[in-house]
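The structure appears below as structure tokens.
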Amino acid sequence: MSTILITGASSGLGAEMARQFAARGHDLALCARRTDRLEELRAEILAASPPGGTAPRVELRSLDVNDDEQVFEVFGAFRDDFGGLDRVVVNAGLGKGAPIGTGRYDANRETAMTNFVAALAQAEAAMEVFRAQDAGHLVLVSSMSAMRGMPKSMTVYAATKAALSHLGEGLQYELLGKPIKVTVLHCGYIASEMNEHVQQQVRFMVSTEDGVRAMVEAIEKEKAHAYVPPLPWAALAPVMKHTPLPLLKRLL
């Protein structure tokens with residue numbers, strides 16, 4: 001059994017990861033802005049524990065990941081609660097954005113700050129704990145959009161995920177052969193609250209449960225990089241990386 005901290009755990013992929021990790025017997029440190037949703041999730045997880053079995057420990061804290069000082073405070077408090085942290089999943093993120101130059105710098109800036117700058121703060125806070133322990137597993141939830149620059153409303157989102165993926169790879173390079181592990185998840189189309197307005201229009205969309213199951217399996221195996229779900233995204237990754245832009249536009 002290990003202790004797993006998940007940010008953005010009040011809904012979507014974060015909440016489903018909490019459910020599936022709890023079902024595997026892990027203790028949880030869950031944080032998000034909406035503590036009422038976290039309370040409901042904890043009650044659901046505890047109610048799902050088998051009768052007579054040992055229920056997972058679930059601790060909750062409010063966290064706005066864009067508040068740098070709060071990120072370090074919350075991660076440190078969870079570490080003290082459990083006497084250490086085994087795994088941190090940097091999951092909190094935004095999907096908003098607009099074509100650059102169309103008057104929505106506010107939306108693009110918010111996406112950039114949440115998806116990369118706030119993720120950097122979370123990685124810093126996690127790595128401080130892991131370096132002190134000389135052990136730990138950092139998981140960065142990236143996207144298949146990190147494979148290539150994306151057009152229109154996806155431009156800034158894809159750029160933030162590419163930056164996050166490179167942040168993870170840089171840490172992997174540094175930590176080769178050491179007890180601290182880093183996983184970068186390149187997620188395909190997984191249904192969640194963040195994308196519910198486009199789910200009927202997107203090919204290859206999978207349910208939240210199936211998509212998160214693939215994420216959890218990759219995390220448990222401590223893979224350095226994983227395309228989730230593996231089909232079709234493992235096969236599409238090199239296509240997305242290397243196809244000339246005019247052809248890629250027709251394919252996607």
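Each chain in the structure tokens gets a letter, A, B and so on, in the order shown; residues start at 1 in every chain, and ligands are counted from 1 in the order they appear.
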Close residues, Val74 of chain A itself excluded, 10 Å, only C-alpha atoms, min 4 positions apart in chain, as an MDAnalysis selection string:
chainID A and resid 29 31 60:65 69:70 78:80 125
So that each row is one residue of segment 40-99 of chain A with an atom at most 8 Å from segment 127-132 of chain A, can you give its shortest atom pair and the distance in Å to one decimal, using only C-alpha atoms, rows by chain and rising number, as a Markdown table?
```
| residue | atom | partner | partner_atom | distance |
| --- | --- | --- | --- | --- |
| A:Gly76 | CA | A:Val129 | CA | 7.6 |
| A:Arg79 | CA | A:Val129 | CA | 7.5 |
| A:Gly84 | CA | A:Val129 | CA | 7.6 |
| A:Leu85 | CA | A:Val129 | CA | 7.4 |
```
Let me see the file: selected residues, C-alpha atoms, as a short mmCIF file (atom, residue, chain, number, x, y, z; two decimals), in the first residue's frame.
```
data_model
loop_
_atom_site.label_atom_id
_atom_site.label_comp_id
_atom_site.auth_asym_id
_atom_site.auth_seq_id
_atom_site.Cartn_x
_atom_site.Cartn_y
_atom_site.Cartn_z
CA GLY A 76 4.01 19.64 3.10
CA ARG A 79 3.54 14.71 3.89
CA GLY A 84 5.78 10.85 3.75
CA LEU A 85 4.37 10.65 0.23
#
```
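When only C-alpha atoms are used to measure the gap to Tyr227 of chain A, the shortest distance among A:Cys187, A:Ala47, A:Leu140, A:Val71 belongs to A:Cys187.
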Within 10 Å of Ala55 of chain A using only C-alpha atoms, minus same-chain residues under 3 positions, as a tab-separated table (two decimals) with C-alpha atoms, in the first residue's frame:
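Here's the written file result.tsv:
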```tsv
chain	number	residue	atom	x	y	z
A	22	ALA	CA	-8.49	3.32	-3.50
A	23	ALA	CA	-9.89	0.08	-4.92
A	25	GLY	CA	-5.70	-0.42	-1.53
A	26	HIS	CA	-3.79	2.87	-1.68
A	27	ASP	CA	-4.17	5.69	0.83
A	45	ILE	CA	-14.73	5.72	-1.57
A	46	LEU	CA	-15.21	4.70	2.04
A	47	ALA	CA	-18.69	3.34	1.33
A	48	ALA	CA	-17.23	1.18	-1.47
A	49	SER	CA	-14.73	-0.49	0.87
A	50	PRO	CA	-15.49	-4.19	1.38
A	51	PRO	CA	-17.23	-5.05	4.67
A	52	GLY	CA	-14.74	-6.23	7.23
A	58	VAL	CA	-8.36	9.53	2.67
```
Which residues come within 8 Å of Lys223 of chain A, counting only C-alpha atoms, excluding same-chain residues fewer than 4 positions away, as an NGL selection string?
:A and (182-184 or 218-219)
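Near Gly136 of chain A, within a cut-off of 8 Å and counting only C-alpha atoms, sit the residues A:Leu85, A:Asp86, A:Arg87, A:Phe130, A:Gln133, A:Pro179, A:Ile180, A:Lys181, with same-chain residues fewer than 3 positions away left out.
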Expected file contents, prior selection, N, CA, C and O atoms, as a tab-separated table (two decimals), in the first residue's frame:
```
chain	number	residue	atom	x	y	z
A	85	LEU	N	5.22	10.84	1.41
A	85	LEU	CA	4.37	10.65	0.23
A	85	LEU	C	5.09	9.71	-0.72
A	85	LEU	O	6.28	9.90	-1.00
A	86	ASP	N	4.38	8.73	-1.23
A	86	ASP	CA	4.99	7.78	-2.17
A	86	ASP	C	4.84	8.22	-3.62
A	86	ASP	O	5.70	7.94	-4.45
A	87	ARG	N	3.72	8.89	-3.91
A	87	ARG	CA	3.44	9.25	-5.30
A	87	ARG	C	2.66	10.56	-5.33
A	87	ARG	O	1.76	10.77	-4.52
A	130	PHE	N	10.34	14.33	-2.27
A	130	PHE	CA	11.00	13.11	-2.75
A	130	PHE	C	12.51	13.17	-2.55
A	130	PHE	O	13.14	12.16	-2.20
A	133	GLN	N	13.25	12.41	0.99
A	133	GLN	CA	13.03	10.98	1.28
A	133	GLN	C	14.00	10.09	0.54
A	133	GLN	O	14.16	8.92	0.88
A	179	PRO	N	16.38	6.39	-7.11
A	179	PRO	CA	15.12	5.82	-6.62
A	179	PRO	C	13.89	6.70	-6.84
A	179	PRO	O	12.78	6.26	-6.53
A	180	ILE	N	14.06	7.89	-7.33
A	180	ILE	CA	12.91	8.74	-7.63
A	180	ILE	C	12.52	8.52	-9.10
A	180	ILE	O	13.35	8.68	-10.00
A	181	LYS	N	11.26	8.15	-9.34
A	181	LYS	CA	10.78	7.86	-10.69
A	181	LYS	C	9.85	8.97	-11.18
A	181	LYS	O	9.18	9.62	-10.39
```
Might you pull out every residue within 10 Å of Pro230 of chain A, with only C-alpha atoms counted and same-chain residues fewer than 3 positions away left off, and present them as a VMD selection string?
chain A and resid 186 to 188 211 214 to 215 218 226 to 227 233 to 236
For the selection you just gave me, I'd like the residues written to a file as a CSV table (one decimal), in the first residue's frame, keeping N, CA and C atoms.
```
chain,number,residue,atom,x,y,z
A,186,HIS,N,0.7,10.6,-21.7
A,186,HIS,CA,0.2,11.3,-22.9
A,186,HIS,C,-1.2,10.8,-23.1
A,187,CYS,N,-2.2,11.6,-22.6
A,187,CYS,CA,-3.6,11.1,-22.7
A,187,CYS,C,-4.3,11.5,-24.0
A,188,GLY,N,-5.0,10.5,-24.5
A,188,GLY,CA,-5.8,10.7,-25.7
A,188,GLY,C,-7.1,11.3,-25.3
A,211,GLY,N,-10.6,5.1,-19.7
A,211,GLY,CA,-9.4,5.9,-19.9
A,211,GLY,C,-8.5,5.9,-18.7
A,214,ALA,N,-6.5,2.8,-17.9
A,214,ALA,CA,-5.2,2.7,-18.7
A,214,ALA,C,-4.2,3.6,-18.0
A,215,MET,N,-4.6,4.8,-17.5
A,215,MET,CA,-3.7,5.7,-16.8
A,215,MET,C,-3.1,5.0,-15.5
A,218,ALA,N,-0.6,2.2,-16.2
A,218,ALA,CA,0.7,2.8,-16.6
A,218,ALA,C,1.4,3.4,-15.4
A,226,ALA,N,3.9,7.0,-21.3
A,226,ALA,CA,2.8,6.1,-21.7
A,226,ALA,C,1.7,6.9,-22.5
A,227,TYR,N,1.3,6.2,-23.6
A,227,TYR,CA,0.2,6.8,-24.4
A,227,TYR,C,-1.1,6.1,-23.9
A,233,TRP,N,-3.6,5.4,-29.5
A,233,TRP,CA,-2.6,6.5,-29.4
A,233,TRP,C,-1.1,6.1,-29.5
A,234,ALA,N,-0.8,4.9,-29.1
A,234,ALA,CA,0.6,4.5,-29.2
A,234,ALA,C,1.0,4.4,-30.7
A,235,ALA,N,0.1,3.9,-31.5
A,235,ALA,CA,0.3,3.9,-33.0
A,235,ALA,C,0.3,5.2,-33.6
A,236,LEU,N,-0.6,6.1,-33.1
A,236,LEU,CA,-0.7,7.5,-33.7
A,236,LEU,C,0.4,8.4,-33.3
```
Report, in Å with one decimal, the straight-line distance from atom CA of Val228 of chain A to atom CA of Leu185 of chain A.
7.0 Å
Using the chain letters and numbers from this document, which residues of segment 77-207 of chain A does DSSP assign to helix (DSSP H, G or I), as a PyMOL selection string?
chain A and resi 77-82+105-133+144-147+152-175+193-195+199-201
Write to file, as a short mmCIF file (atom, residue, chain, number, x, y, z; two decimals), in the first residue's frame, the residues of the selection just made, with C-alpha atoms.
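Below is the file that was written, again-v8.cif:
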```cif
data_model
loop_
_atom_site.label_atom_id
_atom_site.label_comp_id
_atom_site.auth_asym_id
_atom_site.auth_seq_id
_atom_site.Cartn_x
_atom_site.Cartn_y
_atom_site.Cartn_z
CA ALA A 77 0.91 19.19 5.26
CA PHE A 78 -0.04 15.97 3.47
CA ARG A 79 3.54 14.71 3.89
CA ASP A 80 3.26 15.37 7.62
CA ASP A 81 -0.17 13.70 7.79
CA PHE A 82 1.13 10.45 6.36
CA TYR A 105 -5.48 36.59 -24.18
CA ASP A 106 -7.15 36.22 -20.78
CA ALA A 107 -8.25 32.65 -21.52
CA ASN A 108 -4.93 31.69 -23.08
CA ARG A 109 -2.95 33.17 -20.20
CA GLU A 110 -5.11 31.34 -17.65
CA THR A 111 -4.50 28.06 -19.46
CA ALA A 112 -0.75 28.71 -19.64
CA MET A 113 -0.51 29.61 -15.96
CA THR A 114 -2.58 26.66 -14.74
CA ASN A 115 -1.28 23.97 -17.08
CA PHE A 116 2.40 24.80 -16.89
CA VAL A 117 3.38 27.37 -14.24
CA ALA A 118 1.09 25.81 -11.61
CA ALA A 119 2.22 22.34 -12.69
CA LEU A 120 5.83 23.47 -12.21
CA ALA A 121 4.99 24.58 -8.66
CA GLN A 122 3.43 21.18 -7.97
CA ALA A 123 6.47 19.37 -9.40
CA GLU A 124 8.79 21.54 -7.29
CA ALA A 125 6.80 20.82 -4.12
CA ALA A 126 6.66 17.09 -4.86
CA MET A 127 10.34 16.85 -5.69
CA GLU A 128 11.31 18.63 -2.47
CA VAL A 129 9.52 15.85 -0.57
CA PHE A 130 11.00 13.11 -2.75
CA ARG A 131 14.57 14.43 -2.59
CA ALA A 132 14.35 14.58 1.22
CA GLN A 133 13.03 10.98 1.28
CA MET A 144 -1.38 13.62 -26.99
CA SER A 145 -1.59 17.26 -28.10
CA ALA A 146 1.98 17.59 -26.78
CA MET A 147 3.13 15.64 -29.84
CA LYS A 152 -6.99 27.54 -33.05
CA SER A 153 -8.33 27.04 -29.53
CA MET A 154 -5.87 24.18 -28.93
CA THR A 155 -2.69 26.17 -29.62
CA VAL A 156 -1.85 27.28 -26.09
CA TYR A 157 -3.18 24.10 -24.47
CA ALA A 158 -0.91 21.95 -26.67
CA ALA A 159 2.06 24.21 -25.96
CA THR A 160 1.58 23.86 -22.21
CA LYS A 161 1.38 20.08 -22.46
CA ALA A 162 4.52 19.96 -24.62
CA ALA A 163 6.31 22.01 -21.96
CA LEU A 164 5.05 19.69 -19.22
CA SER A 165 6.21 16.62 -21.13
CA HIS A 166 9.69 18.12 -21.55
CA LEU A 167 9.78 19.03 -17.86
CA GLY A 168 9.14 15.38 -17.05
CA GLU A 169 11.73 14.12 -19.49
CA GLY A 170 14.31 16.51 -18.10
CA LEU A 171 13.73 15.10 -14.64
CA GLN A 172 13.94 11.55 -15.99
CA TYR A 173 17.31 12.40 -17.54
CA GLU A 174 18.58 13.78 -14.24
CA LEU A 175 17.23 10.92 -12.13
CA GLU A 193 -16.22 17.24 -17.32
CA MET A 194 -13.58 19.33 -19.07
CA ASN A 195 -14.49 18.06 -22.56
CA GLN A 199 -17.54 14.37 -26.69
CA GLN A 200 -20.04 13.55 -29.43
CA GLN A 201 -17.85 15.19 -32.09
#
```
Based on DSSP run over this structure's backbone, return all residues of segment 178-249 of chain A in strand (DSSP E or B), as a ChimeraX atom specification.
/A:180-187,190,206,225-228
Taking only C-alpha atoms into account, name the residue in A:Lys221, A:Ala15, A:Val139, A:Pro229 that is nearest to Phe204 of chain A.
A:Pro229
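Remark: for Leu5 of chain A, the closest of the candidate residues A:Leu38, A:Met17, A:Ala32, A:Val89 is A:Val89 (distances computed over only C-alpha atoms).
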Just the number, please: distance in Å from atom CA of Arg57 of chain A to atom CA of Lys178 of chain A, one decimal.
28.5 Å
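The shortest atom-to-atom distance to Ser207 of chain A, with only C-alpha atoms taken into account, belongs to A:Ile190 out of A:Ala43, A:Ala224, A:Met240, A:Ile190.
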Separation of atom CA of Val212 of chain A from atom CA of Gly14 of chain A, in Å and rounded to one decimal:
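Computed distance, atom CA of Val212 of chain A to atom CA of Gly14 of chain A, equals 8.8 Å.
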Tell me which of A:Ala9, A:Ala92, A:Ala135, A:Val206 sits closest to Pro232 of chain A, counting only C-alpha atoms.
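Of the candidates, the smallest distance to Pro232 of chain A is held by A:Val206.
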